[in-house]
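Colleague: Next comes upload-v6.cif, mmCIF, C-alpha atoms:
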```
data_upload
#
loop_
_atom_site.label_atom_id
_atom_site.label_comp_id
_atom_site.auth_asym_id
_atom_site.auth_seq_id
_atom_site.Cartn_x
_atom_site.Cartn_y
_atom_site.Cartn_z
CA MET W 1 9.50 6.64 0.85
CA ILE W 2 11.76 8.63 3.06
CA GLN W 3 12.04 5.95 5.65
CA ARG W 4 11.87 2.27 4.87
CA ILE W 5 11.12 0.08 7.78
CA GLY W 6 13.29 -2.72 9.06
CA GLN W 7 16.44 -1.05 7.88
CA GLN W 8 17.30 1.07 10.88
CA THR W 9 20.77 0.24 11.99
CA SER W 10 21.14 2.35 15.10
CA GLY W 11 21.11 0.58 18.42
CA LEU W 12 19.94 -2.98 18.96
CA ASP W 13 18.57 -5.01 16.12
CA GLU W 14 14.95 -6.02 16.01
CA ALA W 15 15.41 -9.60 17.24
CA GLU W 16 17.34 -8.45 20.31
CA LEU W 17 14.73 -5.84 21.13
CA VAL W 18 11.93 -8.39 20.79
CA ALA W 19 13.75 -10.87 23.03
CA GLN W 20 14.24 -8.20 25.69
CA ALA W 21 10.62 -7.06 25.40
CA GLN W 22 9.45 -10.67 25.71
CA SER W 23 11.24 -11.01 29.01
CA GLY W 24 9.52 -7.91 30.32
CA GLY W 25 11.79 -5.15 29.06
CA VAL W 26 9.55 -2.11 28.91
CA GLU W 27 12.27 0.05 27.38
CA ALA W 28 12.81 -2.46 24.61
CA PHE W 29 9.10 -2.48 23.79
CA THR W 30 9.05 1.32 23.82
CA GLU W 31 11.94 1.31 21.38
CA LEU W 32 9.94 -1.00 19.08
CA VAL W 33 7.07 1.48 19.32
CA ASN W 34 9.40 4.35 18.46
CA ARG W 35 10.74 2.48 15.47
CA TYR W 36 7.51 1.35 13.91
CA GLU W 37 4.69 3.66 15.03
CA ARG W 38 5.03 6.02 12.07
CA ASN W 39 4.82 3.21 9.54
CA ILE W 40 1.89 1.57 11.26
CA TYR W 41 0.08 4.90 11.47
CA ARG W 42 0.74 5.62 7.81
CA LEU W 43 -0.42 2.18 6.72
CA ALA W 44 -3.63 2.48 8.76
CA ARG W 45 -4.29 5.89 7.23
CA HIS W 46 -3.80 4.53 3.76
CA ILE W 47 -6.23 1.70 4.33
CA THR W 48 -8.88 3.56 6.33
CA GLN W 49 -8.36 7.03 4.83
CA ASN W 50 -9.26 8.47 8.19
CA PRO W 51 -6.96 10.02 10.84
CA GLU W 52 -9.06 9.07 13.88
CA ASP W 53 -9.34 5.48 12.71
CA ALA W 54 -5.61 5.42 12.06
CA GLU W 55 -4.87 6.50 15.64
CA ASP W 56 -7.27 3.90 17.05
CA ILE W 57 -5.64 1.22 14.93
CA LEU W 58 -2.18 2.32 15.99
CA GLN W 59 -3.14 1.92 19.65
CA GLU W 60 -4.98 -1.36 19.10
CA THR W 61 -2.05 -2.77 17.13
CA PHE W 62 0.56 -2.07 19.78
CA LEU W 63 -1.77 -3.14 22.59
CA LYS W 64 -2.38 -6.46 20.86
CA ALA W 65 1.31 -6.85 20.14
CA TYR W 66 2.08 -6.19 23.80
CA GLU W 67 -0.53 -8.65 24.99
CA HIS W 68 0.53 -11.38 22.57
CA LEU W 69 4.24 -10.73 22.62
CA ARG W 70 4.96 -14.18 24.00
CA ASP W 71 3.07 -15.77 21.11
CA PHE W 72 5.46 -14.20 18.65
CA GLN W 73 7.73 -17.04 17.59
CA GLY W 74 10.14 -15.16 15.41
CA ASN W 75 9.13 -17.07 12.27
CA SER W 76 8.67 -13.75 10.52
CA LYS W 77 10.07 -10.33 11.17
CA PHE W 78 8.46 -8.59 14.12
CA TYR W 79 7.52 -5.73 11.82
CA THR W 80 5.69 -8.11 9.46
CA TRP W 81 3.81 -9.53 12.44
CA LEU W 82 2.89 -6.00 13.52
CA VAL W 83 1.74 -5.07 10.03
CA ARG W 84 -0.45 -8.14 9.93
CA ILE W 85 -2.18 -7.07 13.15
CA ALA W 86 -2.57 -3.52 11.81
CA VAL W 87 -4.06 -4.66 8.49
CA ASN W 88 -6.55 -6.91 10.26
CA GLN W 89 -7.54 -4.12 12.62
CA SER W 90 -7.90 -1.73 9.68
CA LEU W 91 -10.14 -4.06 7.70
CA MET W 92 -12.21 -4.73 10.82
CA LYS W 93 -12.58 -1.03 11.41
CA LEU W 94 -13.77 -0.47 7.85
CA ARG W 95 -16.20 -3.32 8.16
CA LYS W 96 -17.66 -1.74 11.30
CA ARG W 97 -17.70 1.74 9.84
CA LYS W 98 -19.51 0.70 6.71
CA SER W 99 -21.57 -1.85 8.64
CA ASP W 100 -21.98 -4.03 5.63
CA ALA W 101 -20.44 -7.19 4.35
CA SER W 102 -18.56 -5.63 1.49
CA VAL W 103 -15.24 -5.55 3.31
CA SER W 104 -14.01 -9.01 2.76
CA LEU W 105 -10.89 -10.62 1.45
CA ASP W 106 -13.03 -12.41 -1.11
CA ASP W 107 -13.68 -9.42 -3.20
CA PRO W 108 -16.65 -9.57 -5.53
CA TYR W 109 -14.78 -7.35 -7.98
CA ASP W 110 -12.18 -10.00 -8.39
CA THR W 111 -14.33 -12.47 -10.24
CA GLY W 112 -14.94 -12.57 -13.92
CA GLU W 113 -13.68 -10.34 -16.65
CA GLU W 114 -13.38 -6.70 -15.90
CA ASN W 115 -12.64 -3.86 -18.21
CA LEU W 116 -9.30 -2.93 -16.68
CA VAL W 117 -8.54 -0.09 -19.06
CA ARG W 118 -11.18 2.36 -20.16
CA GLU W 119 -9.55 5.68 -20.82
CA ILE W 120 -6.32 5.94 -22.73
CA ALA W 121 -4.93 9.45 -22.70
CA VAL W 122 -1.43 10.87 -22.49
CA TRP W 123 -0.71 12.69 -19.23
CA GLU W 124 0.97 16.01 -18.63
CA PRO W 125 4.70 15.29 -18.34
CA ASN W 126 4.94 16.22 -14.63
CA PRO W 127 1.52 16.33 -12.98
CA GLU W 128 3.27 16.71 -9.61
CA GLN W 129 4.25 20.23 -10.59
CA THR W 130 0.75 21.25 -11.68
CA TYR W 131 -0.86 20.80 -8.26
CA SER W 132 0.03 21.89 -4.74
CA GLN W 133 0.89 19.20 -2.15
CA GLU W 134 -2.59 19.63 -0.63
CA GLU W 135 -4.41 19.37 -3.94
CA MET W 136 -2.34 16.37 -4.93
CA ARG W 137 -2.99 14.68 -1.61
CA ALA W 138 -6.74 15.22 -2.03
CA ILE W 139 -6.70 13.78 -5.56
CA LEU W 140 -4.69 10.74 -4.49
CA GLU W 141 -6.88 10.09 -1.45
CA LYS W 142 -10.04 10.32 -3.50
CA ALA W 143 -8.67 7.78 -5.94
CA VAL W 144 -7.59 5.35 -3.20
CA ASP W 145 -10.94 5.79 -1.48
CA SER W 146 -12.65 4.39 -4.54
CA LEU W 147 -10.77 1.08 -4.26
CA PRO W 148 -12.24 -1.89 -2.43
CA PRO W 149 -10.46 -2.17 0.97
CA THR W 150 -8.44 -5.27 0.16
CA PHE W 151 -7.15 -3.66 -3.00
CA ARG W 152 -6.13 -0.69 -0.87
CA ALA W 153 -4.34 -2.99 1.53
CA VAL W 154 -2.42 -4.70 -1.28
CA PHE W 155 -1.56 -1.37 -2.89
CA ALA W 156 -0.44 0.17 0.43
CA LEU W 157 1.75 -2.81 1.31
CA ARG W 158 3.31 -3.28 -2.12
CA ASP W 159 3.54 0.24 -3.50
CA ILE W 160 3.68 2.45 -0.42
CA GLU W 161 5.46 0.28 2.15
CA GLU W 162 7.33 -1.45 -0.67
CA LEU W 163 6.98 -4.93 0.79
CA SER W 164 7.52 -7.90 -1.51
CA THR W 165 4.71 -9.87 -3.13
CA GLU W 166 5.57 -12.79 -0.84
CA GLU W 167 5.47 -10.67 2.34
CA THR W 168 2.19 -9.10 1.24
CA ALA W 169 0.69 -12.51 0.54
CA ALA W 170 1.72 -13.77 3.97
CA ILE W 171 0.37 -10.69 5.76
CA LEU W 172 -2.99 -10.81 3.98
CA ASN W 173 -3.31 -14.59 3.91
CA LEU W 174 -3.62 -14.50 0.15
CA SER W 175 -1.98 -16.57 -2.54
CA ILE W 176 0.76 -14.95 -4.59
CA PRO W 177 -1.39 -14.91 -7.77
CA ALA W 178 -4.18 -13.23 -5.78
CA VAL W 179 -1.81 -10.50 -4.59
CA LYS W 180 -0.55 -9.97 -8.14
CA SER W 181 -4.04 -9.79 -9.56
CA ARG W 182 -5.22 -7.33 -6.90
CA LEU W 183 -2.16 -5.17 -7.30
CA LEU W 184 -2.65 -4.97 -11.07
CA ARG W 185 -6.30 -4.06 -10.65
CA ALA W 186 -5.52 -1.51 -7.96
CA ARG W 187 -2.82 0.15 -10.04
CA LEU W 188 -4.98 0.24 -13.16
CA ARG W 189 -7.99 1.62 -11.31
CA LEU W 190 -5.90 4.34 -9.72
CA ARG W 191 -4.39 5.11 -13.12
CA GLU W 192 -7.89 5.44 -14.50
CA LYS W 193 -8.99 7.81 -11.72
CA LEU W 194 -5.86 9.94 -11.98
CA THR W 195 -6.19 10.20 -15.75
CA ARG W 196 -9.20 12.45 -15.21
CA TYR W 197 -6.97 15.00 -13.51
CA PHE W 198 -3.63 14.52 -15.19
CA LYS W 199 -4.42 14.01 -18.85
CA ARG W 200 -2.85 16.46 -21.24
CA LYS W 201 -5.12 19.40 -21.84
CA GLY W 202 -6.64 19.60 -25.27
CA ASP W 203 -6.31 15.88 -25.88
CA ASP W 204 -9.96 15.09 -25.37
CA PHE W 205 -10.67 14.73 -29.05
CA PHE W 206 -7.59 12.78 -29.92
CA ASP W 207 -8.20 9.29 -31.04
CA TYR W 208 -5.53 6.89 -29.87
CA MET W 209 -7.32 3.75 -30.83
CA MET R 210 3.18 -12.35 -30.87
CA ILE R 211 2.18 -10.47 -27.75
CA THR R 212 -1.33 -9.06 -27.70
CA CYS R 213 -2.49 -6.03 -25.73
CA LYS R 214 -4.21 -8.39 -23.32
CA ASP R 215 -0.98 -10.32 -22.78
CA PHE R 216 0.84 -7.06 -22.25
CA LEU R 217 -1.63 -5.94 -19.62
CA SER R 218 -1.37 -9.19 -17.71
CA GLU R 219 2.43 -8.83 -17.59
CA LEU R 220 2.38 -5.10 -16.82
CA ASN R 221 3.27 -5.51 -13.13
CA GLU R 222 6.23 -7.72 -13.91
CA TYR R 223 7.38 -5.25 -16.50
CA LEU R 224 7.03 -2.23 -14.21
CA ASP R 225 8.57 -3.99 -11.23
CA GLY R 226 11.48 -5.16 -13.35
CA SER R 227 10.78 -8.79 -12.57
CA ALA R 228 10.07 -9.96 -16.13
CA GLU R 229 12.69 -12.35 -17.51
CA SER R 230 14.82 -10.91 -20.27
CA GLY R 231 13.11 -12.81 -23.10
CA LEU R 232 9.67 -11.71 -22.00
CA ARG R 233 10.94 -8.23 -21.33
CA GLN R 234 12.16 -7.94 -24.92
CA GLU R 235 8.82 -9.11 -26.26
CA LEU R 236 7.00 -6.61 -24.06
CA GLU R 237 9.28 -3.81 -25.15
CA SER R 238 8.81 -4.67 -28.79
CA HIS R 239 5.02 -4.61 -28.27
CA LEU R 240 5.35 -1.24 -26.52
CA SER R 241 7.24 0.23 -29.44
CA GLU R 242 4.44 -0.73 -31.81
CA CYS R 243 1.36 -0.15 -29.72
CA PRO R 244 0.63 3.45 -28.70
CA ASN R 245 -2.27 2.41 -26.46
CA CYS R 246 -0.19 0.04 -24.38
CA TRP R 247 2.59 2.62 -24.28
CA VAL R 248 0.18 5.16 -22.77
CA VAL R 249 -1.23 2.66 -20.27
CA CYS R 250 2.26 1.60 -19.25
CA ASP R 251 3.54 5.17 -18.97
CA THR R 252 0.58 6.43 -16.95
CA THR R 253 0.62 3.41 -14.62
CA LYS R 254 4.31 3.98 -14.01
CA LYS R 255 3.55 7.63 -13.21
CA THR R 256 0.70 6.59 -10.91
CA ILE R 257 3.09 4.56 -8.79
CA ARG R 258 5.73 7.28 -8.92
CA ILE R 259 3.29 9.94 -7.76
CA TYR R 260 2.00 7.85 -4.85
CA ARG R 261 5.53 7.09 -3.74
CA GLY R 262 6.66 10.67 -4.16
CA VAL R 263 3.94 12.42 -2.21
CA GLU R 264 4.83 13.59 1.27
CA PRO R 265 4.12 10.63 3.60
CA TYR R 266 1.41 10.96 6.23
CA GLN R 267 2.91 12.34 9.40
CA MET R 268 1.55 11.38 12.79
CA PRO R 269 -0.26 14.42 14.17
CA SER R 270 1.15 15.80 17.39
CA GLY R 271 -0.07 14.06 20.50
CA VAL R 272 -0.53 10.67 18.82
CA HIS R 273 2.80 9.35 20.09
CA GLU R 274 2.15 10.56 23.65
CA ARG R 275 -1.36 9.10 23.71
CA LEU R 276 -0.06 5.77 22.42
CA LEU R 277 2.57 5.59 25.16
CA ALA R 278 -0.02 6.53 27.77
CA VAL R 279 -2.32 3.72 26.63
CA LEU R 280 0.53 1.21 26.70
CA GLU R 281 1.71 2.37 30.11
CA LYS R 282 -1.79 1.97 31.51
CA ARG R 283 -1.95 -1.56 30.09
CA ALA R 284 1.48 -2.45 31.47
CA ARG R 285 0.44 -1.37 34.94
CA ALA R 286 -2.90 -3.22 34.83
#
```
If you convert what's in this file into structure tokens, what do you get?
Modeller:
Amino acid sequence: MIQRIGQQTSGLDEAELVAQAQSGGVEAFTELVNRYERNIYRLARHITQNPEDAEDILQETFLKAYEHLRDFQGNSKFYTWLVRIAVNQSLMKLRKRKSDASVSLDDPYDTGEENLVREIAVWEPNPEQTYSQEEMRAILEKAVDSLPPTFRAVFALRDIEELSTEETAAILNLSIPAVKSRLLRARLRLREKLTRYFKRKGDDFFDYM
Amino acid sequence: MITCKDFLSELNEYLDGSAESGLRQELESHLSECPNCWVVCDTTKKTIRIYRGVEPYQMPSGVHERLLAVLEKRARA
């Protein structure tokens, strides 16, 4: 990722900004918005796969953060706290949108044995060069869209935002083994979906088994 | 002896570089002998690389301004 969060060095550090915002500093809060809005927007888009939802979630997240600023104790990084609000809002939004009970942290897919690997085929060496940015984006979105929402959340936090397993577990209220298991399943499912597009041409009749 | 199933369950650790050196060696030795696991490992690695490499979502224009407007309204309420 071009910009990793929490590593900006210019100006005040996060804790100082939060302290100022907590005592009513509007400028400090605006600076927190400026620092983190792009990441929160991106995360919400990854989880909801929808630009309007992502904007709603962005607004809801910062509104909630503003309203509950005094409840923030500084036990975690402010950004982690913000991400937690955004993930909860995103999952809630999906639940409403789909109006069913399938969006839950207790994922039905997670029980029992699952065939994690179905297709084994060598890919083109650089699939990135075979497709335009737009085509690639569409392929990647379609693949992510097929994941259960909590898998998406784990994948977005670990592999897109590059948060640690521990941070991801804390944000999602999951155990560390649960995060690891979901990440593995998410990665393997995406791999499976992408294989359809990226496998080396002419390999269909090869037998790798 | 590491089986394909063992390999798969350690794949994240291997890809994230968090496998201890002993385990890492065992996984690598399995990889060198098992073409299937090699392909799965290689394509999973590429999956992550491609997702990380794609142009990140940009906020469309107007989103920032609308967010500030919403917050300002709340602050004045």
Colleague: Specify as a PyMOL selection string each residue included when the PyMOL selection byres ((chain R) within 8 of (chain W)) is applied to this file.
Modeller: chain R and resi 218+220-221+244-245+248-249+252-253+256-257+259-268+272-273+276-277+279-280+283
Colleague: Under the PyMOL selection byres ((chain R and resi 223) around 12), which residues of this model are included? Write them out as a list in words.
Modeller: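 Going through the file, the PyMOL selection byres ((chain R and resi 223) around 12) ends up selecting Leu184 of chain W; Asp215, Phe216, Leu217, Ser218, Glu219, Leu220, Asn221, Glu222, Leu224, Asp225, Gly226, Ser227, Ala228, Glu229, Ser230, Gly231, Leu232, Arg233, Gln234, Glu235, Leu236, Glu237, Leu240, Cys250, Asp251, Thr253 and Lys254 of chain R.
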Colleague: Keeping only C-alpha atoms, write those residues as a PDB file, in the coordinates of the input.
Modeller:
```
ATOM      1  CA  LEU W 184      -2.650  -4.970 -11.070  1.00  0.00           C
TER       2      LEU W 184
ATOM      3  CA  ASP R 215      -0.980 -10.320 -22.780  1.00  0.00           C
ATOM      4  CA  PHE R 216       0.840  -7.060 -22.250  1.00  0.00           C
ATOM      5  CA  LEU R 217      -1.630  -5.940 -19.620  1.00  0.00           C
ATOM      6  CA  SER R 218      -1.370  -9.190 -17.710  1.00  0.00           C
ATOM      7  CA  GLU R 219       2.430  -8.830 -17.590  1.00  0.00           C
ATOM      8  CA  LEU R 220       2.380  -5.100 -16.820  1.00  0.00           C
ATOM      9  CA  ASN R 221       3.270  -5.510 -13.130  1.00  0.00           C
ATOM     10  CA  GLU R 222       6.230  -7.720 -13.910  1.00  0.00           C
ATOM     11  CA  LEU R 224       7.030  -2.230 -14.210  1.00  0.00           C
ATOM     12  CA  ASP R 225       8.570  -3.990 -11.230  1.00  0.00           C
ATOM     13  CA  GLY R 226      11.480  -5.160 -13.350  1.00  0.00           C
ATOM     14  CA  SER R 227      10.780  -8.790 -12.570  1.00  0.00           C
ATOM     15  CA  ALA R 228      10.070  -9.960 -16.130  1.00  0.00           C
ATOM     16  CA  GLU R 229      12.690 -12.350 -17.510  1.00  0.00           C
ATOM     17  CA  SER R 230      14.820 -10.910 -20.270  1.00  0.00           C
ATOM     18  CA  GLY R 231      13.110 -12.810 -23.100  1.00  0.00           C
ATOM     19  CA  LEU R 232       9.670 -11.710 -22.000  1.00  0.00           C
ATOM     20  CA  ARG R 233      10.940  -8.230 -21.330  1.00  0.00           C
ATOM     21  CA  GLN R 234      12.160  -7.940 -24.920  1.00  0.00           C
ATOM     22  CA  GLU R 235       8.820  -9.110 -26.260  1.00  0.00           C
ATOM     23  CA  LEU R 236       7.000  -6.610 -24.060  1.00  0.00           C
ATOM     24  CA  GLU R 237       9.280  -3.810 -25.150  1.00  0.00           C
ATOM     25  CA  LEU R 240       5.350  -1.240 -26.520  1.00  0.00           C
ATOM     26  CA  CYS R 250       2.260   1.600 -19.250  1.00  0.00           C
ATOM     27  CA  ASP R 251       3.540   5.170 -18.970  1.00  0.00           C
ATOM     28  CA  THR R 253       0.620   3.410 -14.620  1.00  0.00           C
ATOM     29  CA  LYS R 254       4.310   3.980 -14.010  1.00  0.00           C
TER      30      LYS R 254
END
```
Colleague: At what distance in Å, to one decimal, does atom CA of W:Ala186 lie from atom CA of W:Pro148?
Modeller: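 Calculated distance between atom CA of W:Pro148 and atom CA of W:Ala186 is 8.7 Å.
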Colleague: Compare R:Arg275, R:His239, R:Arg258, R:Lys282 by their minimum atom-to-atom distance to R:Ile211, counting all atoms listed in the file, and give me the closest one.
Modeller: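 Of R:Arg275, R:His239, R:Arg258, R:Lys282, the one nearest R:Ile211 is R:His239, counting all atoms listed in the file.
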Colleague: What is the atom CA of W:Arg152 to atom CA of W:Ile47 distance in Å?
Modeller: 5.7 Å
Colleague: Selected by the PyMOL selection byres ((chain W and resi 83-89) around 10) in the shown coordinates: which residues, as a ChimeraX atom specification?
Modeller: /W:36,39-41,43-44,47-48,53-54,56-62,64-65,77-82,90-95,150,153-154,157,167-168,170-173
Colleague: To one decimal in Å, tell me the separation between atom CA of W:Val179 and atom CA of W:Pro149.
Modeller: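 That distance, rounded to one decimal, is 13.2 Å.
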Colleague: Listed atoms of stretch 134-150 of chain W, axis-aligned box, 3 Å per side: centre and edge lengths to one decimal in Å, as AutoDock Vina command-line options?
Modeller:
```
--center_x -7.5 --center_y 7.2 --center_z -2.5 --size_x 16.3 --size_y 30.9 --size_z 12.9
```
